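**Q** You'll find my_file.csv just under this line, and it carries CSV, C-alpha atoms and all ligand atoms.
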chain,number,residue,atom,x,y,z
A,30,MET,CA,29.8,-56.0,51.4
A,31,LYS,CA,29.0,-55.7,47.8
A,32,GLY,CA,27.0,-58.1,45.7
A,33,ILE,CA,24.7,-58.6,42.8
A,34,ILE,CA,21.0,-59.6,43.0
A,35,ILE,CA,20.6,-63.0,41.3
A,36,LYS,CA,17.1,-63.8,42.3
A,37,SER,CA,14.0,-61.7,43.2
A,38,THR,CA,10.7,-63.0,44.4
A,39,GLY,CA,9.3,-59.6,45.4
A,40,SER,CA,10.0,-59.6,49.1
A,41,TRP,CA,13.0,-61.8,49.3
A,42,TYR,CA,16.2,-61.6,47.2
A,43,GLN,CA,19.3,-63.6,46.7
A,44,VAL,CA,22.6,-61.8,46.6
A,45,LEU,CA,25.8,-63.1,45.3
A,46,GLU,CA,28.8,-61.7,47.2
A,47,ALA,CA,31.3,-60.6,44.6
A,48,GLU,CA,34.5,-61.9,46.0
A,49,SER,CA,33.7,-65.1,47.9
A,50,LYS,CA,30.9,-66.1,45.4
A,51,THR,CA,28.7,-66.9,48.3
A,52,ILE,CA,25.0,-66.6,47.9
A,53,TYR,CA,22.9,-65.0,50.7
A,54,GLU,CA,19.2,-64.7,51.3
A,55,ALA,CA,18.5,-61.0,51.5
A,56,ARG,CA,15.9,-58.4,52.4
A,57,ILE,CA,15.7,-54.7,52.0
A,58,ARG,CA,16.3,-52.1,54.6
A,59,GLY,CA,15.4,-48.6,53.7
A,60,LYS,CA,14.0,-47.1,50.5
A,61,PHE,CA,15.5,-47.2,47.1
A,62,LYS,CA,14.5,-44.8,44.5
A,63,LEU,CA,16.7,-44.3,41.5
A,64,ILE,CA,14.0,-43.3,39.0
A,65,LYS,CA,10.9,-41.0,39.2
A,66,THR,CA,8.2,-43.5,38.2
A,67,ARG,CA,6.7,-45.7,40.8
A,68,LEU,CA,7.9,-49.2,40.5
A,69,THR,CA,6.4,-52.5,41.6
A,70,ASN,CA,9.9,-53.8,42.4
A,71,PRO,CA,12.5,-51.6,44.0
A,72,LEU,CA,15.3,-54.0,43.2
A,73,ALA,CA,15.7,-56.2,40.2
A,74,VAL,CA,17.9,-59.1,39.2
A,75,GLY,CA,21.2,-57.6,38.0
A,76,ASP,CA,21.3,-54.8,40.5
A,77,GLU,CA,24.5,-54.1,42.3
A,78,VAL,CA,24.0,-53.6,45.9
A,79,GLU,CA,25.7,-53.1,49.3
A,80,PHE,CA,24.6,-55.3,52.2
A,81,SER,CA,25.5,-56.3,55.7
A,82,LEU,CA,25.1,-59.7,57.4
A,83,GLU,CA,23.2,-60.2,60.5
A,84,GLN,CA,22.1,-63.1,62.6
A,85,ASP,CA,21.3,-66.3,60.7
A,86,ASP,CA,23.3,-65.1,57.8
A,87,VAL,CA,20.5,-63.0,56.5
A,88,ALA,CA,21.8,-60.2,54.3
A,89,TRP,CA,20.2,-56.7,54.7
A,90,ILE,CA,20.5,-54.7,51.5
A,91,THR,CA,21.2,-51.1,52.4
A,92,LYS,CA,22.2,-49.5,49.2
A,93,ILE,CA,21.8,-49.9,45.4
A,94,PHE,CA,24.5,-48.6,43.0
A,95,PRO,CA,23.4,-46.7,39.9
A,96,ARG,CA,22.2,-49.0,37.1
A,97,LYS,CA,24.1,-49.1,33.8
A,98,ASN,CA,20.8,-49.9,32.1
A,99,TYR,CA,17.5,-51.7,32.6
A,100,LEU,CA,14.5,-53.0,30.8
A,101,ILE,CA,11.0,-52.2,31.9
A,102,ARG,CA,7.6,-53.7,31.3
A,103,LYS,CA,4.2,-52.4,32.1
A,104,SER,CA,2.9,-53.6,35.5
A,105,VAL,CA,0.3,-56.2,35.0
A,106,ASN,CA,-2.4,-54.7,37.2
A,107,LEU,CA,-1.6,-51.0,37.7
A,108,SER,CA,-0.8,-49.1,34.5
A,109,LYS,CA,0.9,-46.2,36.3
A,110,GLU,CA,3.5,-48.5,37.9
A,111,ALA,CA,6.3,-50.0,36.0
A,112,HIS,CA,8.3,-53.2,36.6
A,113,ILE,CA,12.0,-53.6,36.1
A,114,ILE,CA,12.6,-56.8,34.2
A,115,ALA,CA,16.4,-56.9,34.6
A,116,SER,CA,19.3,-54.5,35.0
A,117,ASN,CA,22.9,-54.1,34.1
A,118,VAL,CA,22.4,-56.2,31.0
A,119,ASP,CA,25.2,-56.5,28.4
A,120,ILE,CA,23.1,-58.1,25.6
A,121,ALA,CA,19.4,-58.6,25.2
A,122,CYS,CA,18.4,-61.4,22.8
A,123,PHE,CA,15.1,-61.4,21.0
A,124,ILE,CA,13.9,-64.7,19.6
A,125,TYR,CA,11.9,-64.3,16.4
A,126,THR,CA,9.9,-67.2,14.9
A,127,LEU,CA,8.1,-66.8,11.6
A,128,LYS,CA,5.6,-69.5,12.6
A,129,PHE,CA,4.7,-71.6,15.6
A,130,PRO,CA,4.3,-69.0,17.0
A,131,GLU,CA,4.2,-66.2,14.5
A,132,THR,CA,6.2,-63.3,16.0
A,133,SER,CA,4.7,-59.9,15.7
A,134,LEU,CA,7.1,-57.4,14.4
A,135,GLY,CA,5.5,-54.7,16.6
A,136,PHE,CA,6.7,-56.6,19.6
A,137,LEU,CA,10.2,-56.8,18.2
A,138,ASP,CA,10.2,-53.1,17.3
A,139,ARG,CA,9.0,-52.1,20.8
A,140,PHE,CA,11.8,-54.3,22.3
A,141,LEU,CA,14.4,-52.6,20.0
A,142,ALA,CA,13.2,-49.1,20.9
A,143,CYS,CA,13.4,-49.9,24.6
A,144,CYS,CA,16.9,-51.2,24.1
A,145,GLU,CA,17.8,-47.9,22.4
A,146,ALA,CA,16.2,-45.9,25.1
A,147,TYR,CA,17.9,-47.7,27.9
A,148,ASN,CA,21.3,-48.2,26.3
A,149,ILE,CA,21.2,-52.0,25.9
A,150,LYS,CA,22.8,-53.9,23.0
A,151,PRO,CA,20.1,-56.0,21.3
A,152,LEU,CA,20.6,-59.2,19.3
A,153,ILE,CA,17.8,-60.6,17.1
A,154,LEU,CA,17.8,-64.4,16.8
A,155,PHE,CA,15.8,-65.9,14.0
A,156,ASN,CA,14.9,-69.3,15.5
A,157,LYS,CA,13.5,-72.6,14.3
A,158,MET,CA,15.2,-72.2,10.9
A,159,ASP,CA,15.0,-76.0,10.5
A,160,THR,CA,11.2,-75.7,10.2
A,161,LEU,CA,11.2,-73.4,7.2
A,162,ASN,CA,10.9,-74.3,3.5
A,163,ASP,CA,12.8,-72.3,0.8
A,164,GLU,CA,10.0,-69.7,0.4
A,165,GLU,CA,9.8,-69.2,4.2
A,166,LYS,CA,13.5,-68.9,4.5
A,167,GLU,CA,13.5,-66.1,1.9
A,168,ILE,CA,10.8,-64.3,3.9
A,169,VAL,CA,13.0,-64.5,7.0
A,170,GLU,CA,16.1,-63.5,5.1
A,171,ASN,CA,14.3,-60.4,3.9
A,172,ILE,CA,13.2,-59.5,7.4
A,173,GLU,CA,16.7,-60.1,8.7
A,174,ALA,CA,18.1,-57.9,6.0
A,175,MET,CA,15.7,-55.1,6.9
A,176,TYR,CA,17.0,-55.1,10.5
A,177,GLN,CA,20.6,-55.5,9.5
A,178,ASN,CA,20.2,-52.4,7.3
A,179,ILE,CA,19.1,-50.4,10.3
A,180,GLY,CA,22.2,-51.6,12.0
A,181,TYR,CA,21.0,-54.4,14.2
A,182,ASP,CA,23.0,-57.6,14.9
A,183,THR,CA,21.1,-60.8,13.9
A,184,LEU,CA,21.7,-64.5,13.7
A,185,ASN,CA,19.9,-67.5,12.1
A,186,ILE,CA,19.6,-70.3,14.5
A,187,SER,CA,18.0,-73.6,15.3
A,188,SER,CA,18.2,-75.4,18.6
A,189,TYR,CA,17.3,-78.7,16.9
A,190,THR,CA,20.1,-78.7,14.3
A,191,LYS,CA,22.4,-76.4,16.5
A,192,LEU,CA,22.7,-74.1,13.5
A,193,ASN,CA,25.0,-71.2,14.5
A,194,LEU,CA,24.8,-71.9,18.2
A,195,ASN,CA,28.6,-71.7,18.4
A,196,PHE,CA,28.3,-68.1,17.1
A,197,LEU,CA,25.6,-67.3,19.6
A,198,ILE,CA,27.8,-68.6,22.4
A,199,ASP,CA,30.7,-66.4,21.1
A,200,LYS,CA,28.4,-63.4,21.4
A,201,ILE,CA,27.0,-64.0,24.9
A,202,LYS,CA,30.2,-65.5,26.4
A,203,ASP,CA,31.4,-63.7,29.6
A,204,LYS,CA,28.4,-61.3,29.4
A,205,THR,CA,25.1,-60.9,31.2
A,206,SER,CA,22.4,-61.7,28.7
A,207,VAL,CA,18.6,-62.0,28.8
A,208,PHE,CA,16.3,-63.7,26.3
A,209,PHE,CA,12.8,-62.6,25.2
A,210,GLY,CA,10.2,-63.7,22.7
A,211,HIS,CA,6.6,-64.9,22.5
A,212,SER,CA,5.7,-67.9,24.5
A,213,GLY,CA,6.7,-71.0,22.5
A,214,CYS,CA,9.5,-69.3,20.5
A,215,GLY,CA,11.9,-71.8,21.9
A,216,LYS,CA,13.6,-69.9,24.8
A,217,SER,CA,14.0,-72.8,27.1
A,218,THR,CA,15.0,-75.2,24.4
A,219,LEU,CA,17.6,-72.8,23.2
A,220,VAL,CA,19.1,-72.4,26.7
A,221,ASN,CA,19.1,-76.2,27.1
A,222,ALA,CA,20.8,-76.7,23.7
A,223,MET,CA,23.6,-74.4,24.9
A,224,GLN,CA,23.8,-76.0,28.4
A,225,PRO,CA,21.4,-78.8,29.3
A,226,ASP,CA,22.0,-78.5,33.1
A,227,LEU,CA,21.4,-74.8,33.5
A,228,HIS,CA,18.1,-75.4,35.4
A,229,ILE,CA,16.3,-72.6,33.7
A,230,ARG,CA,12.6,-72.2,34.7
A,231,THR,CA,10.3,-74.7,33.1
A,232,GLY,CA,6.5,-74.9,32.8
A,233,GLU,CA,6.2,-77.0,35.9
A,234,ILE,CA,8.0,-74.5,38.1
A,235,SER,CA,5.9,-71.7,36.8
A,236,GLU,CA,2.8,-73.6,37.7
A,237,SER,CA,3.9,-74.2,41.3
A,238,GLN,CA,4.8,-70.5,41.5
A,239,LEU,CA,1.2,-69.6,40.7
A,240,LYS,CA,0.3,-70.9,44.2
A,241,GLY,CA,2.7,-68.4,45.7
A,242,LYS,CA,2.0,-64.7,46.3
A,243,HIS,CA,4.6,-63.1,44.1
A,244,THR,CA,4.0,-64.9,40.9
A,245,THR,CA,4.7,-61.9,38.7
A,246,THR,CA,8.0,-60.8,40.1
A,247,PHE,CA,10.1,-64.0,39.9
A,248,ALA,CA,13.4,-63.6,38.0
A,249,GLN,CA,16.7,-65.4,38.4
A,250,MET,CA,20.2,-65.2,37.1
A,251,HIS,CA,21.9,-68.4,36.0
A,252,PHE,CA,25.6,-68.9,35.2
A,253,TRP,CA,26.9,-70.5,32.0
A,254,ASP,CA,29.8,-73.0,32.2
A,255,PHE,CA,31.3,-71.2,29.2
A,256,GLY,CA,31.3,-67.9,31.1
A,257,GLY,CA,28.8,-65.2,31.8
A,258,SER,CA,25.2,-65.4,32.8
A,259,VAL,CA,21.6,-65.3,31.6
A,260,ILE,CA,18.7,-63.7,33.5
A,261,ASP,CA,15.6,-65.8,33.3
A,262,THR,CA,12.5,-63.6,33.5
A,263,PRO,CA,8.8,-64.4,33.6
A,264,GLY,CA,7.2,-64.0,30.2
A,265,VAL,CA,7.1,-60.4,29.0
A,266,ARG,CA,4.1,-59.4,27.0
A,267,GLU,CA,4.8,-55.7,26.6
A,268,PHE,CA,8.0,-53.7,27.0
A,269,ALA,CA,7.6,-50.1,28.1
A,270,MET,CA,9.4,-46.8,28.4
A,271,ILE,CA,9.0,-44.5,31.4
A,272,ASP,CA,9.9,-40.9,32.0
A,273,VAL,CA,10.3,-40.2,28.3
A,274,GLN,CA,9.0,-37.3,26.3
A,275,LYS,CA,7.1,-37.8,23.1
A,276,GLU,CA,9.8,-35.9,21.2
A,277,GLU,CA,12.5,-38.3,22.3
A,278,ILE,CA,10.9,-41.4,20.7
A,279,GLN,CA,12.3,-40.8,17.3
A,280,HIS,CA,15.8,-41.2,18.7
A,281,TYR,CA,15.0,-44.8,19.4
A,282,PHE,CA,14.2,-45.6,15.8
A,283,PRO,CA,17.6,-45.1,14.2
A,284,GLU,CA,16.4,-45.1,10.5
A,285,ILE,CA,13.5,-42.8,11.3
A,286,PHE,CA,15.8,-40.4,13.1
A,287,GLN,CA,18.2,-40.6,10.2
A,288,ALA,CA,15.6,-39.9,7.6
A,289,GLY,CA,14.1,-37.1,9.8
A,290,ARG,CA,17.2,-35.1,9.3
A,291,SER,CA,15.9,-34.1,5.8
A,292,CYS,CA,12.5,-33.0,7.0
A,293,LYS,CA,11.6,-29.4,6.3
A,294,TYR,CA,11.0,-28.6,10.0
A,295,HIS,CA,13.7,-29.4,12.4
A,296,ASN,CA,11.2,-30.2,15.1
A,297,CYS,CA,9.1,-32.4,12.7
A,298,MET,CA,7.4,-35.3,14.5
A,299,HIS,CA,6.7,-37.1,11.2
A,300,ILE,CA,3.0,-37.3,11.7
A,301,ASN,CA,1.4,-35.0,9.1
A,302,GLU,CA,3.8,-32.2,8.6
A,303,PRO,CA,4.5,-30.9,5.1
A,304,LYS,CA,7.7,-32.0,3.3
A,305,CYS,CA,8.4,-34.7,5.9
A,306,ALA,CA,11.2,-37.0,4.8
A,307,VAL,CA,9.9,-39.8,7.0
A,308,LEU,CA,6.4,-39.8,5.4
A,309,GLN,CA,8.1,-39.7,2.0
A,310,GLY,CA,10.3,-42.6,2.9
A,311,LEU,CA,7.3,-44.6,3.9
A,312,GLU,CA,5.7,-43.8,0.5
A,313,THR,CA,8.7,-44.9,-1.5
A,314,GLY,CA,9.1,-48.0,0.7
A,315,GLU,CA,12.5,-47.0,2.0
A,316,LEU,CA,11.1,-47.0,5.5
A,317,GLU,CA,9.1,-49.9,7.0
A,318,GLU,CA,5.5,-49.3,7.8
A,319,THR,CA,5.5,-51.7,10.8
A,320,ARG,CA,8.2,-49.8,12.5
A,321,TYR,CA,6.5,-46.5,11.9
A,322,ILE,CA,3.3,-47.8,13.5
A,323,THR,CA,5.2,-48.7,16.6
A,324,TYR,CA,6.8,-45.3,16.6
A,325,LEU,CA,3.4,-43.6,16.6
A,326,LYS,CA,2.1,-45.9,19.3
A,327,LEU,CA,5.1,-45.2,21.6
A,328,MET,CA,4.6,-41.5,21.1
A,329,GLU,CA,1.0,-41.8,22.0
A,330,GLU,CA,1.9,-43.7,25.2
A,331,ALA,CA,4.5,-41.2,26.2
A,332,GLU,CA,1.9,-38.4,25.8
A,333,GLU,CA,-0.6,-40.3,27.9
A,334,MET,CA,2.0,-41.0,30.6
A,335,ASN,CA,2.9,-37.4,30.9
A,336,GLN,CA,-0.7,-36.3,31.2
A,337,ASN,CA,-1.3,-38.6,34.1
B,1,LIG,N1,11.6,-77.4,15.0
B,1,LIG,C1,12.1,-76.7,16.1
B,1,LIG,N2,11.3,-76.7,17.2
B,1,LIG,C2,11.8,-76.1,18.2
B,1,LIG,C3,13.1,-75.4,18.2
B,1,LIG,N3,13.2,-74.8,19.4
B,1,LIG,C4,12.1,-75.1,20.2
B,1,LIG,N4,11.3,-75.9,19.5
B,1,LIG,C5,10.0,-76.4,19.9
B,1,LIG,O1,9.1,-75.3,20.2
B,1,LIG,C6,8.3,-75.6,21.3
B,1,LIG,C7,8.4,-74.5,22.4
B,1,LIG,O2,9.7,-74.5,22.9
B,1,LIG,P1,10.1,-73.9,24.3
B,1,LIG,O3,11.5,-73.9,24.5
B,1,LIG,O4,9.3,-74.6,25.4
B,1,LIG,O5,9.6,-72.4,24.2
B,1,LIG,P2,9.6,-71.2,25.3
B,1,LIG,O6,9.9,-70.0,24.5
B,1,LIG,O7,10.5,-71.6,26.4
B,1,LIG,O8,8.1,-71.2,25.7
B,1,LIG,P3,7.5,-70.6,27.1
B,1,LIG,O9,8.0,-71.5,28.2
B,1,LIG,O10,6.0,-70.7,26.9
B,1,LIG,O11,8.0,-69.2,27.2
B,1,LIG,C8,8.7,-76.9,21.8
B,1,LIG,O12,7.8,-77.9,21.4
B,1,LIG,C9,10.1,-77.1,21.2
B,1,LIG,O13,10.4,-78.5,21.0
B,1,LIG,C10,13.8,-75.4,17.0
B,1,LIG,O14,14.9,-74.9,16.9
B,1,LIG,N5,13.3,-76.1,16.0
B,2,ZN,ZN,9.3,-35.5,9.4
So, in terms of structure tokens, how does the structure I just supplied come out?
Ligand SMILES: Nc1nc2c(ncn2[C@@H]2O[C@H](COP(=O)(O)OP(=O)(O)OP(=O)(O)O)[C@@H](O)[C@H]2O)c(=O)[nH]1
Ligand SMILES: [Zn+2]
**A**
Amino acid sequence: MKGIIIKSTGSWYQVLEAESKTIYEARIRGKFKLIKTRLTNPLAVGDEVEFSLEQDDVAWITKIFPRKNYLIRKSVNLSKEAHIIASNVDIACFIYTLKFPETSLGFLDRFLACCEAYNIKPLILFNKMDTLNDEEKEIVENIEAMYQNIGYDTLNISSYTKLNLNFLIDKIKDKTSVFFGHSGCGKSTLVNAMQPDLHIRTGEISESQLKGKHTTTFAQMHFWDFGGSVIDTPGVREFAMIDVQKEEIQHYFPEIFQAGRSCKYHNCMHINEPKCAVLQGLETGELEETRYITYLKLMEEAEEMNQN
């Protein structure tokens, strides 16, 4: 039988059988290895799998189908291992808040680069618009314009006033989505504003999870009444890339890659080379310094990973 993983606790999974829409408790039989790097979780929510039913209706997962895409975070305790946050995602939403909490653009840029690397469509949501005065609105609009110029899709929203939530629903309807952002950015409030009874993870549930053994690997897919699903993940502090070469990173920053076409050297890494169009673009202000800093950081990390 074929199904999709809708919940993962680390050792147990829930599989949704595609045709009957039945949910089974499931375990793994055999080894699954689709990527080179060691993973803390062999299967992730969103994975399409094959399974067979045995006594007590326990499903044994015997095969995983190739992933269309996935997002990865660094493992909490072991830096050499990676953890798949979710797979087969159609749209990944990043919730930005100017204040309460202040969102770091580095976190956003890292998220966007990972979406590029793993072929996921990102959507940037500027949330809590109702809290902003005119001056702050202008700051957010400038940030928004910067990302739109690069080619990213954005939306101004507020869960309190329901600003543009109808447009957000249009964008995620009938798709598998996932939401990220700093703690307190309004993720749960947003999901509740779109559908109050979705039963997405709340603070209380996270607390009781802490008593369990697999606190870091809990993720779950929920289904919207308006069609499609959302994958609820434990808070992600740092997105990561694995199995990438330093030279590839510029491909994941579209405007840096575009500017780099005019560099003197075709293999320019835009660090300190002469006649580098990226460095020139930074000087003229055409390219954004914050994004460039994340670009350098990701290159450093790729180099470190490949040395290990
Ligand atoms: N003014 C305003 N406040 C909001 C909005 N959305 C959420 N908040 C408030 O922001 C705080 C955090 O919201 P949550 O939805 O709990 O944030 P979260 O991202 O789920 O936080 P974690 O559970 O820590 O990941 C709460 O006090 C919300 O009431 C909004 O659109 N406008
Ligand atoms: Zn260059």
**Q** Which residues come within 7 Å of Lys92 of chain A, counting all atoms listed in the file, excluding same-chain residues fewer than 5 positions away, as a ChimeraX atom specification?
**A** /A:78-80
**Q** What's around Ala47 of chain A at 12 Å? Count all atoms listed in the file, leave out sequence neighbours fewer than 5 positions away in its own chain, and write the answer as an mmCIF file with C-alpha atoms, keeping the file's coordinate frame.
**A**
data_model
loop_
_atom_site.group_PDB
_atom_site.id
_atom_site.type_symbol
_atom_site.label_atom_id
_atom_site.label_comp_id
_atom_site.auth_asym_id
_atom_site.auth_seq_id
_atom_site.Cartn_x
_atom_site.Cartn_y
_atom_site.Cartn_z
ATOM 1 C CA MET A 30 29.800 -56.000 51.400
ATOM 2 C CA LYS A 31 29.000 -55.700 47.800
ATOM 3 C CA GLY A 32 27.000 -58.100 45.700
ATOM 4 C CA ILE A 33 24.700 -58.600 42.800
ATOM 5 C CA ILE A 34 21.000 -59.600 43.000
ATOM 6 C CA ILE A 35 20.600 -63.000 41.300
ATOM 7 C CA ILE A 52 25.000 -66.600 47.900
ATOM 8 C CA TYR A 53 22.900 -65.000 50.700
ATOM 9 C CA GLU A 77 24.500 -54.100 42.300
ATOM 10 C CA VAL A 78 24.000 -53.600 45.900
ATOM 11 C CA GLU A 79 25.700 -53.100 49.300
ATOM 12 C CA PHE A 80 24.600 -55.300 52.200
#
**Q** List all protein, DNA and RNA residues that have an atom no more than 10 Å from any atom of ligand ZN 2 (chain B), counting only C-alpha atoms and all ligand atoms, and report them as a list in words.
**A**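 What falls inside 10 Å of ligand ZN 2 (chain B) is Gln279, Ile285, Phe286, Ala288, Gly289, Arg290, Ser291, Cys292, Lys293, Tyr294, His295, Asn296, Cys297, Met298, His299, Ile300, Asn301, Glu302, Pro303, Lys304, Cys305, Ala306, Val307, Leu308, Gln309 and Gly310 of chain A.
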**Q** Counting all atoms listed in the file, note down every residue that has an atom within 7 Å of the point (21.8, -48.7, 29.3) (file coordinates), as a PDB file with C-alpha atoms, keeping the file's coordinate frame.
**A**
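The result, stored in selection-v1.pdb:
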ATOM      1  CA  LYS A  97      24.100 -49.100  33.800  1.00  0.00           C
ATOM      2  CA  ASN A  98      20.800 -49.900  32.100  1.00  0.00           C
ATOM      3  CA  TYR A  99      17.500 -51.700  32.600  1.00  0.00           C
ATOM      4  CA  TYR A 147      17.900 -47.700  27.900  1.00  0.00           C
ATOM      5  CA  ASN A 148      21.300 -48.200  26.300  1.00  0.00           C
ATOM      6  CA  ILE A 149      21.200 -52.000  25.900  1.00  0.00           C
TER       7      ILE A 149
END
**Q** Check which residues of chain A sit at most 6 Å from ligand LIG 1 (chain B) using only C-alpha atoms and all ligand atoms, and return one row each with the closest pair of atoms and their distance in Å to one decimal, ordered by chain and rising number, as CSV.
**A**
residue,atom,partner,partner_atom,distance
A:Asn156,CA,B:LIG1,O14,5.8
A:Lys157,CA,B:LIG1,O14,3.7
A:Asp159,CA,B:LIG1,N5,5.8
A:Thr160,CA,B:LIG1,N1,5.1
A:Ser187,CA,B:LIG1,O14,3.7
A:Ser188,CA,B:LIG1,O14,3.7
A:Tyr189,CA,B:LIG1,O14,4.5
A:Ser212,CA,B:LIG1,O10,3.7
A:Gly213,CA,B:LIG1,O8,3.5
A:Cys214,CA,B:LIG1,O6,4.1
A:Gly215,CA,B:LIG1,O5,3.3
A:Lys216,CA,B:LIG1,O6,3.7
A:Ser217,CA,B:LIG1,O7,3.8
A:Thr218,CA,B:LIG1,O3,3.7
A:Gly232,CA,B:LIG1,O9,5.9
**Q** What is the atom CA of Ile124 of chain A to atom CA of Ala174 of chain A distance in Å?
**A**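 For atom CA of Ile124 of chain A relative to atom CA of Ala174 of chain A, the distance reads 15.8 Å.
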**Q** Could you check how far atom CA of Asn221 of chain A sits from atom CA of Asn162 of chain A, in Å to one decimal?
**A**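 So the two atoms, atom CA of Asn221 of chain A and atom CA of Asn162 of chain A, lie 25.1 Å apart.
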**Q** Quick one: pull the distance between atom CA of Glu145 of chain A and atom CA of Thr205 of chain A, Å, one decimal.
**A**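 These two atoms are separated by 17.3 Å.
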**Q** Which residues are close to Arg139 of chain A, i.e. within 9 Å by only C-alpha atoms, leaving aside same-chain residues fewer than 3 positions away? Reply as a list in words.
**A**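 Surrounding residues, per the criterion: Leu134, Gly135, Phe136, Ala142, Cys143, Cys144, Glu267, Phe268, Ala269, Arg320, Thr323, Tyr324 and Leu327 of chain A.
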**Q** List as a PyMOL selection string the residues having at least one atom at most 12 Å from position (25.8, -57.0, 28.0) as given in the file, counting only C-alpha atoms.
**A** chain A and resi 75+97-99+115-122+144+148-152+200-208+257-260
**Q** Rank A:Gly39, A:Ile271, A:Leu154, A:Leu141 by their smallest atom-to-atom distance to Leu219 of chain A, using all atoms listed in the file, and report the top residue only.
**A** A:Leu154
**Q** Counting all atoms listed in the file, which of A:Gly180, A:Asp226, A:Leu325, A:Ile101 gets nearest to Glu277 of chain A?
**A** A:Leu325
**Q** Nearest to Thr319 of chain A: which of A:Gln336, A:Ser133, A:Asn171, A:Gln177 is it, counting all atoms listed in the file?
**A**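 Closest residue, counting all atoms listed in the file: A:Ser133.
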**Q** Under the rule that all atoms listed in the file are counted, which of A:Asn195, A:Gln274, A:Ala73, A:Leu137 is the nearest residue to Ala248 of chain A?
**A**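 Of all the options, A:Ala73 lies closest to Ala248 of chain A.
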**Q** Under the rule that all atoms listed in the file are counted, which of A:Tyr321, A:Phe252, A:Phe209, A:Tyr181 is the nearest residue to Phe123 of chain A?
**A**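 Once distances to Phe123 of chain A are computed over all atoms listed in the file, the minimum belongs to A:Phe209.
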